[in-house]
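With mmCIF, N, CA and C atoms inside, this is my_file_22.cif:
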data_target
loop_
_atom_site.label_atom_id
_atom_site.label_comp_id
_atom_site.auth_asym_id
_atom_site.auth_seq_id
_atom_site.Cartn_x
_atom_site.Cartn_y
_atom_site.Cartn_z
N MET A 518 28.61 -74.88 -96.90
CA MET A 518 29.51 -75.25 -95.82
C MET A 518 28.76 -76.16 -94.85
N ASN A 519 29.35 -77.27 -94.47
CA ASN A 519 28.74 -78.20 -93.52
C ASN A 519 28.93 -77.71 -92.10
N ALA A 520 27.93 -78.02 -91.25
CA ALA A 520 28.05 -77.69 -89.83
C ALA A 520 29.11 -78.59 -89.21
N PRO A 521 29.81 -78.08 -88.19
CA PRO A 521 30.82 -78.92 -87.54
C PRO A 521 30.17 -80.13 -86.87
N THR A 522 30.92 -81.22 -86.82
CA THR A 522 30.44 -82.42 -86.15
C THR A 522 30.52 -82.22 -84.64
N THR A 523 29.51 -82.68 -83.93
CA THR A 523 29.48 -82.58 -82.48
C THR A 523 29.28 -83.97 -81.89
N PRO A 524 29.51 -84.12 -80.58
CA PRO A 524 29.24 -85.41 -79.93
C PRO A 524 27.77 -85.82 -80.06
N LEU A 525 26.89 -84.86 -80.24
CA LEU A 525 25.47 -85.19 -80.40
C LEU A 525 25.21 -85.99 -81.67
N ASP A 526 26.05 -85.79 -82.68
CA ASP A 526 25.89 -86.56 -83.92
C ASP A 526 25.99 -88.05 -83.63
N LEU A 527 26.86 -88.44 -82.70
CA LEU A 527 27.03 -89.85 -82.34
C LEU A 527 25.87 -90.36 -81.51
N ILE A 528 25.30 -89.50 -80.68
CA ILE A 528 24.22 -89.92 -79.79
C ILE A 528 22.88 -89.90 -80.51
N LEU A 529 22.62 -88.84 -81.28
CA LEU A 529 21.31 -88.65 -81.90
C LEU A 529 21.26 -88.96 -83.39
N GLY A 530 22.40 -88.86 -84.04
CA GLY A 530 22.41 -88.88 -85.50
C GLY A 530 22.49 -87.44 -85.98
N ARG A 531 23.04 -87.26 -87.16
CA ARG A 531 23.33 -85.92 -87.66
C ARG A 531 22.08 -85.04 -87.80
N ASP A 532 21.00 -85.59 -88.34
CA ASP A 532 19.81 -84.77 -88.58
C ASP A 532 19.16 -84.29 -87.29
N GLN A 533 18.99 -85.20 -86.32
CA GLN A 533 18.37 -84.79 -85.05
C GLN A 533 19.30 -83.88 -84.27
N ALA A 534 20.60 -84.12 -84.33
CA ALA A 534 21.55 -83.24 -83.65
C ALA A 534 21.47 -81.83 -84.23
N SER A 535 21.43 -81.73 -85.53
CA SER A 535 21.33 -80.42 -86.19
C SER A 535 20.03 -79.72 -85.80
N ALA A 536 18.92 -80.46 -85.77
CA ALA A 536 17.63 -79.87 -85.38
C ALA A 536 17.69 -79.36 -83.94
N PHE A 537 18.31 -80.13 -83.06
CA PHE A 537 18.43 -79.72 -81.66
C PHE A 537 19.27 -78.45 -81.54
N LEU A 538 20.44 -78.43 -82.20
CA LEU A 538 21.33 -77.27 -82.13
C LEU A 538 20.64 -76.01 -82.63
N HIS A 539 19.92 -76.13 -83.72
CA HIS A 539 19.24 -74.96 -84.26
C HIS A 539 18.07 -74.52 -83.36
N ALA A 540 17.38 -75.47 -82.75
CA ALA A 540 16.30 -75.12 -81.83
C ALA A 540 16.85 -74.38 -80.61
N ARG A 541 17.97 -74.88 -80.06
CA ARG A 541 18.58 -74.19 -78.91
C ARG A 541 19.07 -72.80 -79.31
N ALA A 542 19.64 -72.68 -80.50
CA ALA A 542 20.09 -71.37 -80.97
C ALA A 542 18.90 -70.42 -81.11
N GLN A 543 17.79 -70.92 -81.62
CA GLN A 543 16.59 -70.08 -81.75
C GLN A 543 16.08 -69.64 -80.38
N ASP A 544 16.22 -70.51 -79.37
CA ASP A 544 15.87 -70.11 -78.00
C ASP A 544 16.69 -68.91 -77.58
N LEU A 545 18.00 -68.93 -77.87
CA LEU A 545 18.88 -67.81 -77.49
C LEU A 545 18.54 -66.56 -78.28
N VAL A 546 18.20 -66.73 -79.54
CA VAL A 546 17.81 -65.57 -80.36
C VAL A 546 16.56 -64.94 -79.76
N ARG A 547 15.58 -65.77 -79.41
CA ARG A 547 14.31 -65.27 -78.89
C ARG A 547 14.44 -64.72 -77.46
N LEU A 548 15.10 -65.48 -76.59
CA LEU A 548 15.14 -65.10 -75.18
C LEU A 548 16.22 -64.06 -74.86
N ASP A 549 17.37 -64.15 -75.53
CA ASP A 549 18.49 -63.26 -75.22
C ASP A 549 18.76 -62.22 -76.30
N HIS A 550 17.95 -62.24 -77.35
CA HIS A 550 18.07 -61.26 -78.44
C HIS A 550 19.46 -61.26 -79.07
N LEU A 551 20.01 -62.45 -79.25
CA LEU A 551 21.31 -62.58 -79.89
C LEU A 551 21.14 -62.77 -81.39
N PRO A 552 22.09 -62.31 -82.18
CA PRO A 552 22.05 -62.62 -83.61
C PRO A 552 22.19 -64.14 -83.80
N GLU A 553 21.53 -64.68 -84.79
CA GLU A 553 21.52 -66.13 -85.00
C GLU A 553 22.92 -66.74 -85.12
N PRO A 554 23.85 -66.15 -85.88
CA PRO A 554 25.19 -66.77 -85.97
C PRO A 554 25.89 -66.84 -84.61
N VAL A 555 25.71 -65.81 -83.78
CA VAL A 555 26.31 -65.79 -82.45
C VAL A 555 25.68 -66.87 -81.59
N ALA A 556 24.36 -66.96 -81.63
CA ALA A 556 23.65 -67.97 -80.83
C ALA A 556 24.06 -69.38 -81.24
N LEU A 557 24.17 -69.63 -82.52
CA LEU A 557 24.57 -70.96 -82.99
C LEU A 557 25.99 -71.30 -82.56
N ARG A 558 26.88 -70.31 -82.60
CA ARG A 558 28.27 -70.53 -82.16
C ARG A 558 28.31 -70.84 -80.66
N LEU A 559 27.52 -70.13 -79.86
CA LEU A 559 27.47 -70.39 -78.41
C LEU A 559 26.91 -71.79 -78.12
N VAL A 560 25.89 -72.20 -78.86
CA VAL A 560 25.31 -73.52 -78.67
C VAL A 560 26.33 -74.60 -79.03
N HIS A 561 27.04 -74.44 -80.15
CA HIS A 561 28.06 -75.43 -80.54
C HIS A 561 29.15 -75.53 -79.47
N ARG A 562 29.60 -74.39 -78.96
CA ARG A 562 30.63 -74.42 -77.91
C ARG A 562 30.12 -75.12 -76.66
N GLY A 563 28.88 -74.83 -76.28
CA GLY A 563 28.29 -75.47 -75.11
C GLY A 563 28.20 -76.98 -75.26
N VAL A 564 27.81 -77.43 -76.43
CA VAL A 564 27.73 -78.88 -76.69
C VAL A 564 29.11 -79.51 -76.58
N LEU A 565 30.11 -78.89 -77.17
CA LEU A 565 31.47 -79.44 -77.12
C LEU A 565 32.02 -79.49 -75.70
N ARG A 566 31.58 -78.57 -74.83
CA ARG A 566 32.00 -78.56 -73.42
C ARG A 566 31.13 -79.48 -72.56
N GLY A 567 30.03 -79.98 -73.12
CA GLY A 567 29.12 -80.82 -72.34
C GLY A 567 28.28 -80.01 -71.37
N ASP A 568 28.03 -78.74 -71.70
CA ASP A 568 27.31 -77.82 -70.83
C ASP A 568 25.84 -78.22 -70.69
N PRO A 569 25.39 -78.57 -69.49
CA PRO A 569 23.99 -78.96 -69.32
C PRO A 569 23.00 -77.84 -69.63
N LEU A 570 23.42 -76.59 -69.51
CA LEU A 570 22.52 -75.49 -69.85
C LEU A 570 22.10 -75.57 -71.31
N VAL A 571 22.98 -76.05 -72.16
CA VAL A 571 22.67 -76.23 -73.57
C VAL A 571 22.06 -77.61 -73.82
N LEU A 572 22.63 -78.63 -73.22
CA LEU A 572 22.27 -80.00 -73.56
C LEU A 572 21.03 -80.57 -72.89
N ALA A 573 20.77 -80.23 -71.65
CA ALA A 573 19.73 -80.91 -70.88
C ALA A 573 18.37 -80.84 -71.56
N ASP A 574 17.75 -82.02 -71.68
CA ASP A 574 16.43 -82.13 -72.28
C ASP A 574 15.79 -83.43 -71.80
N GLU A 575 14.51 -83.58 -72.03
CA GLU A 575 13.81 -84.78 -71.57
C GLU A 575 14.32 -86.02 -72.30
N ARG A 576 14.12 -87.17 -71.64
CA ARG A 576 14.46 -88.50 -72.17
C ARG A 576 15.97 -88.72 -72.30
N GLN A 577 16.74 -88.07 -71.43
CA GLN A 577 18.19 -88.26 -71.42
C GLN A 577 18.61 -89.04 -70.19
N MET A 578 19.75 -89.73 -70.33
CA MET A 578 20.41 -90.38 -69.19
C MET A 578 21.77 -89.70 -69.05
N TRP A 579 22.04 -89.22 -67.83
CA TRP A 579 23.32 -88.60 -67.50
C TRP A 579 24.02 -89.49 -66.48
N THR A 580 25.32 -89.70 -66.66
CA THR A 580 26.10 -90.52 -65.72
C THR A 580 27.14 -89.65 -65.04
N LEU A 581 27.44 -90.02 -63.81
CA LEU A 581 28.39 -89.28 -62.99
C LEU A 581 29.77 -89.25 -63.65
N ARG A 582 30.38 -88.09 -63.68
CA ARG A 582 31.73 -87.96 -64.23
C ARG A 582 32.72 -88.69 -63.32
N ALA A 583 33.77 -89.23 -63.90
CA ALA A 583 34.76 -90.01 -63.16
C ALA A 583 35.45 -89.17 -62.08
N ASP A 584 35.58 -87.86 -62.31
CA ASP A 584 36.29 -87.01 -61.35
C ASP A 584 35.37 -86.43 -60.27
N THR A 585 34.14 -86.92 -60.18
CA THR A 585 33.18 -86.42 -59.19
C THR A 585 33.06 -87.41 -58.04
N ASP A 586 33.09 -86.90 -56.83
CA ASP A 586 32.91 -87.73 -55.63
C ASP A 586 31.45 -88.18 -55.57
N PRO A 587 31.19 -89.48 -55.59
CA PRO A 587 29.80 -89.97 -55.55
C PRO A 587 29.02 -89.49 -54.33
N ASP A 588 29.72 -89.18 -53.22
CA ASP A 588 29.04 -88.68 -52.03
C ASP A 588 28.47 -87.28 -52.22
N ASP A 589 28.98 -86.55 -53.24
CA ASP A 589 28.51 -85.19 -53.51
C ASP A 589 27.31 -85.17 -54.47
N ALA A 590 27.00 -86.31 -55.06
CA ALA A 590 25.97 -86.37 -56.10
C ALA A 590 24.70 -87.05 -55.61
N PRO A 591 23.57 -86.68 -56.19
CA PRO A 591 22.32 -87.31 -55.78
C PRO A 591 22.19 -88.77 -56.21
N ALA A 592 22.91 -89.19 -57.25
CA ALA A 592 22.83 -90.57 -57.75
C ALA A 592 23.97 -90.80 -58.74
N HIS A 593 24.23 -92.06 -59.07
CA HIS A 593 25.26 -92.37 -60.07
C HIS A 593 24.76 -92.03 -61.48
N ARG A 594 23.46 -92.26 -61.71
CA ARG A 594 22.85 -91.95 -63.00
C ARG A 594 21.55 -91.19 -62.76
N LEU A 595 21.24 -90.29 -63.70
CA LEU A 595 19.99 -89.54 -63.61
C LEU A 595 19.27 -89.59 -64.96
N CYS A 596 17.97 -89.86 -64.91
CA CYS A 596 17.12 -89.78 -66.10
C CYS A 596 16.39 -88.44 -66.05
N VAL A 597 16.47 -87.68 -67.13
CA VAL A 597 15.79 -86.39 -67.19
C VAL A 597 14.40 -86.61 -67.77
N HIS A 598 13.39 -86.18 -67.01
CA HIS A 598 12.00 -86.31 -67.45
C HIS A 598 11.47 -85.02 -68.05
N ALA A 599 11.98 -83.88 -67.60
CA ALA A 599 11.52 -82.59 -68.12
C ALA A 599 12.55 -81.52 -67.77
N ARG A 600 12.49 -80.45 -68.52
CA ARG A 600 13.35 -79.29 -68.28
C ARG A 600 12.45 -78.10 -68.04
N ARG A 601 12.82 -77.28 -67.07
CA ARG A 601 12.04 -76.09 -66.72
C ARG A 601 12.96 -74.86 -66.73
N THR A 602 12.34 -73.68 -66.74
CA THR A 602 13.10 -72.43 -66.71
C THR A 602 12.72 -71.63 -65.48
N CYS A 603 13.48 -70.57 -65.23
CA CYS A 603 13.20 -69.58 -64.17
C CYS A 603 13.06 -70.18 -62.79
N PRO A 604 14.05 -70.66 -62.15
CA PRO A 604 15.42 -70.85 -62.61
C PRO A 604 15.54 -72.15 -63.43
N PRO A 605 16.59 -72.25 -64.22
CA PRO A 605 16.77 -73.48 -65.00
C PRO A 605 16.89 -74.70 -64.09
N ARG A 606 16.04 -75.69 -64.33
CA ARG A 606 16.03 -76.89 -63.50
C ARG A 606 15.53 -78.07 -64.31
N VAL A 607 15.72 -79.25 -63.78
CA VAL A 607 15.29 -80.47 -64.43
C VAL A 607 14.53 -81.35 -63.44
N LEU A 608 13.59 -82.11 -63.96
CA LEU A 608 12.91 -83.14 -63.19
C LEU A 608 13.61 -84.45 -63.54
N VAL A 609 14.15 -85.12 -62.52
CA VAL A 609 14.97 -86.31 -62.75
C VAL A 609 14.56 -87.45 -61.84
N SER A 610 14.96 -88.65 -62.23
CA SER A 610 14.82 -89.81 -61.36
C SER A 610 16.11 -90.62 -61.44
N ASP A 611 16.33 -91.43 -60.43
CA ASP A 611 17.46 -92.33 -60.37
C ASP A 611 16.98 -93.68 -60.90
N PRO A 612 17.49 -94.14 -62.05
CA PRO A 612 17.01 -95.41 -62.61
C PRO A 612 17.32 -96.62 -61.73
N ASP A 613 18.23 -96.45 -60.77
CA ASP A 613 18.58 -97.54 -59.87
C ASP A 613 17.75 -97.53 -58.59
N ASP A 614 16.87 -96.54 -58.45
CA ASP A 614 15.99 -96.44 -57.29
C ASP A 614 14.65 -97.09 -57.63
N PRO A 615 14.30 -98.17 -56.95
CA PRO A 615 13.06 -98.88 -57.29
C PRO A 615 11.78 -98.07 -57.05
N THR A 616 11.86 -97.00 -56.26
CA THR A 616 10.65 -96.20 -56.02
C THR A 616 10.28 -95.35 -57.23
N GLY A 617 11.25 -95.05 -58.08
CA GLY A 617 10.98 -94.22 -59.26
C GLY A 617 10.64 -92.78 -58.93
N GLU A 618 11.00 -92.35 -57.72
CA GLU A 618 10.70 -90.99 -57.27
C GLU A 618 11.34 -89.96 -58.19
N ILE A 619 10.59 -88.91 -58.51
CA ILE A 619 11.09 -87.83 -59.36
C ILE A 619 11.41 -86.63 -58.49
N ASP A 620 12.61 -86.11 -58.67
CA ASP A 620 13.08 -84.94 -57.92
C ASP A 620 13.29 -83.77 -58.87
N GLU A 621 13.21 -82.58 -58.33
CA GLU A 621 13.52 -81.37 -59.09
C GLU A 621 14.88 -80.87 -58.65
N LEU A 622 15.79 -80.71 -59.60
CA LEU A 622 17.15 -80.25 -59.30
C LEU A 622 17.46 -79.02 -60.14
N LEU A 623 18.28 -78.14 -59.59
CA LEU A 623 18.78 -77.04 -60.41
C LEU A 623 19.64 -77.63 -61.52
N LEU A 624 19.58 -77.03 -62.67
CA LEU A 624 20.29 -77.53 -63.84
C LEU A 624 21.79 -77.66 -63.59
N GLU A 625 22.33 -76.80 -62.75
CA GLU A 625 23.77 -76.82 -62.48
C GLU A 625 24.23 -78.13 -61.84
N VAL A 626 23.33 -78.88 -61.22
CA VAL A 626 23.70 -80.18 -60.64
C VAL A 626 24.21 -81.12 -61.73
N LEU A 627 23.68 -80.99 -62.95
CA LEU A 627 24.12 -81.85 -64.04
C LEU A 627 25.57 -81.59 -64.46
N GLU A 628 26.19 -80.55 -63.93
CA GLU A 628 27.60 -80.30 -64.23
C GLU A 628 28.49 -81.41 -63.66
N MET A 629 27.97 -82.17 -62.68
CA MET A 629 28.71 -83.31 -62.13
C MET A 629 28.57 -84.55 -63.02
N TYR A 630 27.77 -84.45 -64.07
CA TYR A 630 27.43 -85.58 -64.91
C TYR A 630 27.83 -85.32 -66.36
N GLN A 631 27.77 -86.38 -67.15
CA GLN A 631 27.95 -86.24 -68.60
C GLN A 631 26.81 -86.96 -69.30
N LEU A 632 26.40 -86.42 -70.42
CA LEU A 632 25.31 -87.01 -71.18
C LEU A 632 25.75 -88.37 -71.72
N ALA A 633 24.98 -89.41 -71.42
CA ALA A 633 25.33 -90.76 -71.85
C ALA A 633 24.45 -91.24 -73.00
N THR A 634 23.14 -91.11 -72.85
CA THR A 634 22.21 -91.54 -73.90
C THR A 634 21.04 -90.56 -73.96
N TRP A 635 20.35 -90.63 -75.11
CA TRP A 635 19.22 -89.73 -75.33
C TRP A 635 18.25 -90.40 -76.28
N TYR A 636 17.00 -90.40 -75.90
CA TYR A 636 15.96 -90.98 -76.72
C TYR A 636 14.91 -89.91 -76.99
N PRO A 637 15.21 -88.98 -77.92
CA PRO A 637 14.28 -87.87 -78.15
C PRO A 637 12.99 -88.33 -78.82
N LEU A 638 11.92 -87.64 -78.50
CA LEU A 638 10.65 -87.86 -79.18
C LEU A 638 10.72 -87.14 -80.52
N PRO A 639 10.12 -87.68 -81.56
CA PRO A 639 10.12 -86.98 -82.85
C PRO A 639 9.51 -85.58 -82.70
N GLY A 640 10.26 -84.58 -83.16
CA GLY A 640 9.77 -83.20 -83.10
C GLY A 640 9.89 -82.56 -81.73
N ALA A 641 10.45 -83.26 -80.73
CA ALA A 641 10.49 -82.71 -79.38
C ALA A 641 11.82 -82.10 -79.00
N VAL A 642 12.88 -82.34 -79.76
CA VAL A 642 14.17 -81.82 -79.35
C VAL A 642 14.18 -80.30 -79.38
N GLY A 643 14.80 -79.73 -78.37
CA GLY A 643 14.96 -78.29 -78.30
C GLY A 643 13.85 -77.55 -77.60
N ARG A 644 12.83 -78.26 -77.11
CA ARG A 644 11.74 -77.57 -76.42
C ARG A 644 12.19 -77.20 -75.00
N VAL A 645 11.81 -76.03 -74.57
CA VAL A 645 12.05 -75.61 -73.19
C VAL A 645 10.72 -75.16 -72.63
N ALA A 646 10.33 -75.75 -71.49
CA ALA A 646 9.04 -75.40 -70.87
C ALA A 646 9.25 -74.43 -69.74
#
What does the file become when written as structure tokens?
Amino acid sequence: MNAPTTPLDLILGRDQASAFLHARAQDLVRLDHLPEPVALRLVHRGVLRGDPLVLADERQMWTLRADTDPDDAPAHRLCVHARRTCPPRVLVSDPDDPTGEIDELLLEVLEMYQLATWYPLPGAVGRVA
């Protein structure tokens, strides 16, 4: 049986998307002690909803959702440099800011955004630091 197609297949390609989904599912198995089929189902649902808790990873560009007030957001676009845990957060920069300053934001801030592009490093997808 083939895995369901996700939006990540279009951004990453099928093989890298599958590797990412399985890595995130393994994180849930390890950290939350979930059975693998349950973890994989939760990861697939999160990807389909655009959930940053599942999706956020380094080397991504997120753009502001059309229904979000720009005054409520830190920037129109955010580049993710790293992902951290406890609490879940990301190190980001605004590609339109010439200073290149990197800020730390709670992961929930990315709920105002949608994943636009991703340039994963070989073997790096799915890592959580």
### Message
Taking (19.6, -70.3, -81.0) in the coordinates of the supplied file, I want to know which residues reach to within 12 Å of it, counting only C-alpha atoms; could you give the answer as an MDAnalysis selection string?
### Response
chainID A and resid 535:561 563 571 643:644
### Task
Kindly extract all protein, DNA and RNA residues lying within 12 Å of the coordinates (14.5, -84.7, -59.9) given in the file, considering only C-alpha atoms, and supply them as a VMD selection string.
chain A and resid 575 591 to 592 594 to 601 606 to 612 617 to 624 626 to 627
### Task
Could you tell me, as a PyMOL selection string, which residues of region 571-641 of chain A DSSP assigns to strand (DSSP E) when given the backbone?
chain A and resi 577-581+594-601+606-610+619-623+630-635
### Task
Could you give me, as a PyMOL selection string, each residue of chain A that DSSP assigns to helix (DSSP H, G or I) when run on this structure's backbone?
chain A and resi 524-529+531-549+553-566+569-572+587-589+624-629
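Interatomic distance, CA of Leu632 (chain A) against CA of Gln533 (chain A): 15.7 Å.
In this structure, atom C of Leu570 (chain A) sits 20.8 Å away from CA of Asp584 (chain A).
What the PyMOL selection byres (((chain A and resi 526 and name CA) around 12) and name CA) picks from this file is Ala520, Pro521, Thr522, Thr523, Pro524, Leu525, Leu527, Ile528, Leu529, Gly530, Arg531, Asp532, Gln533, Ala534, Ser535, Ala536, Phe537, Leu538, His561, Val564, Leu565, Thr634 and Trp635 of chain A.
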### Task
Enter the distance from atom C of Glu628 (chain A) to CA of His593 (chain A), in Å, rounded to one decimal.
12.0 Å
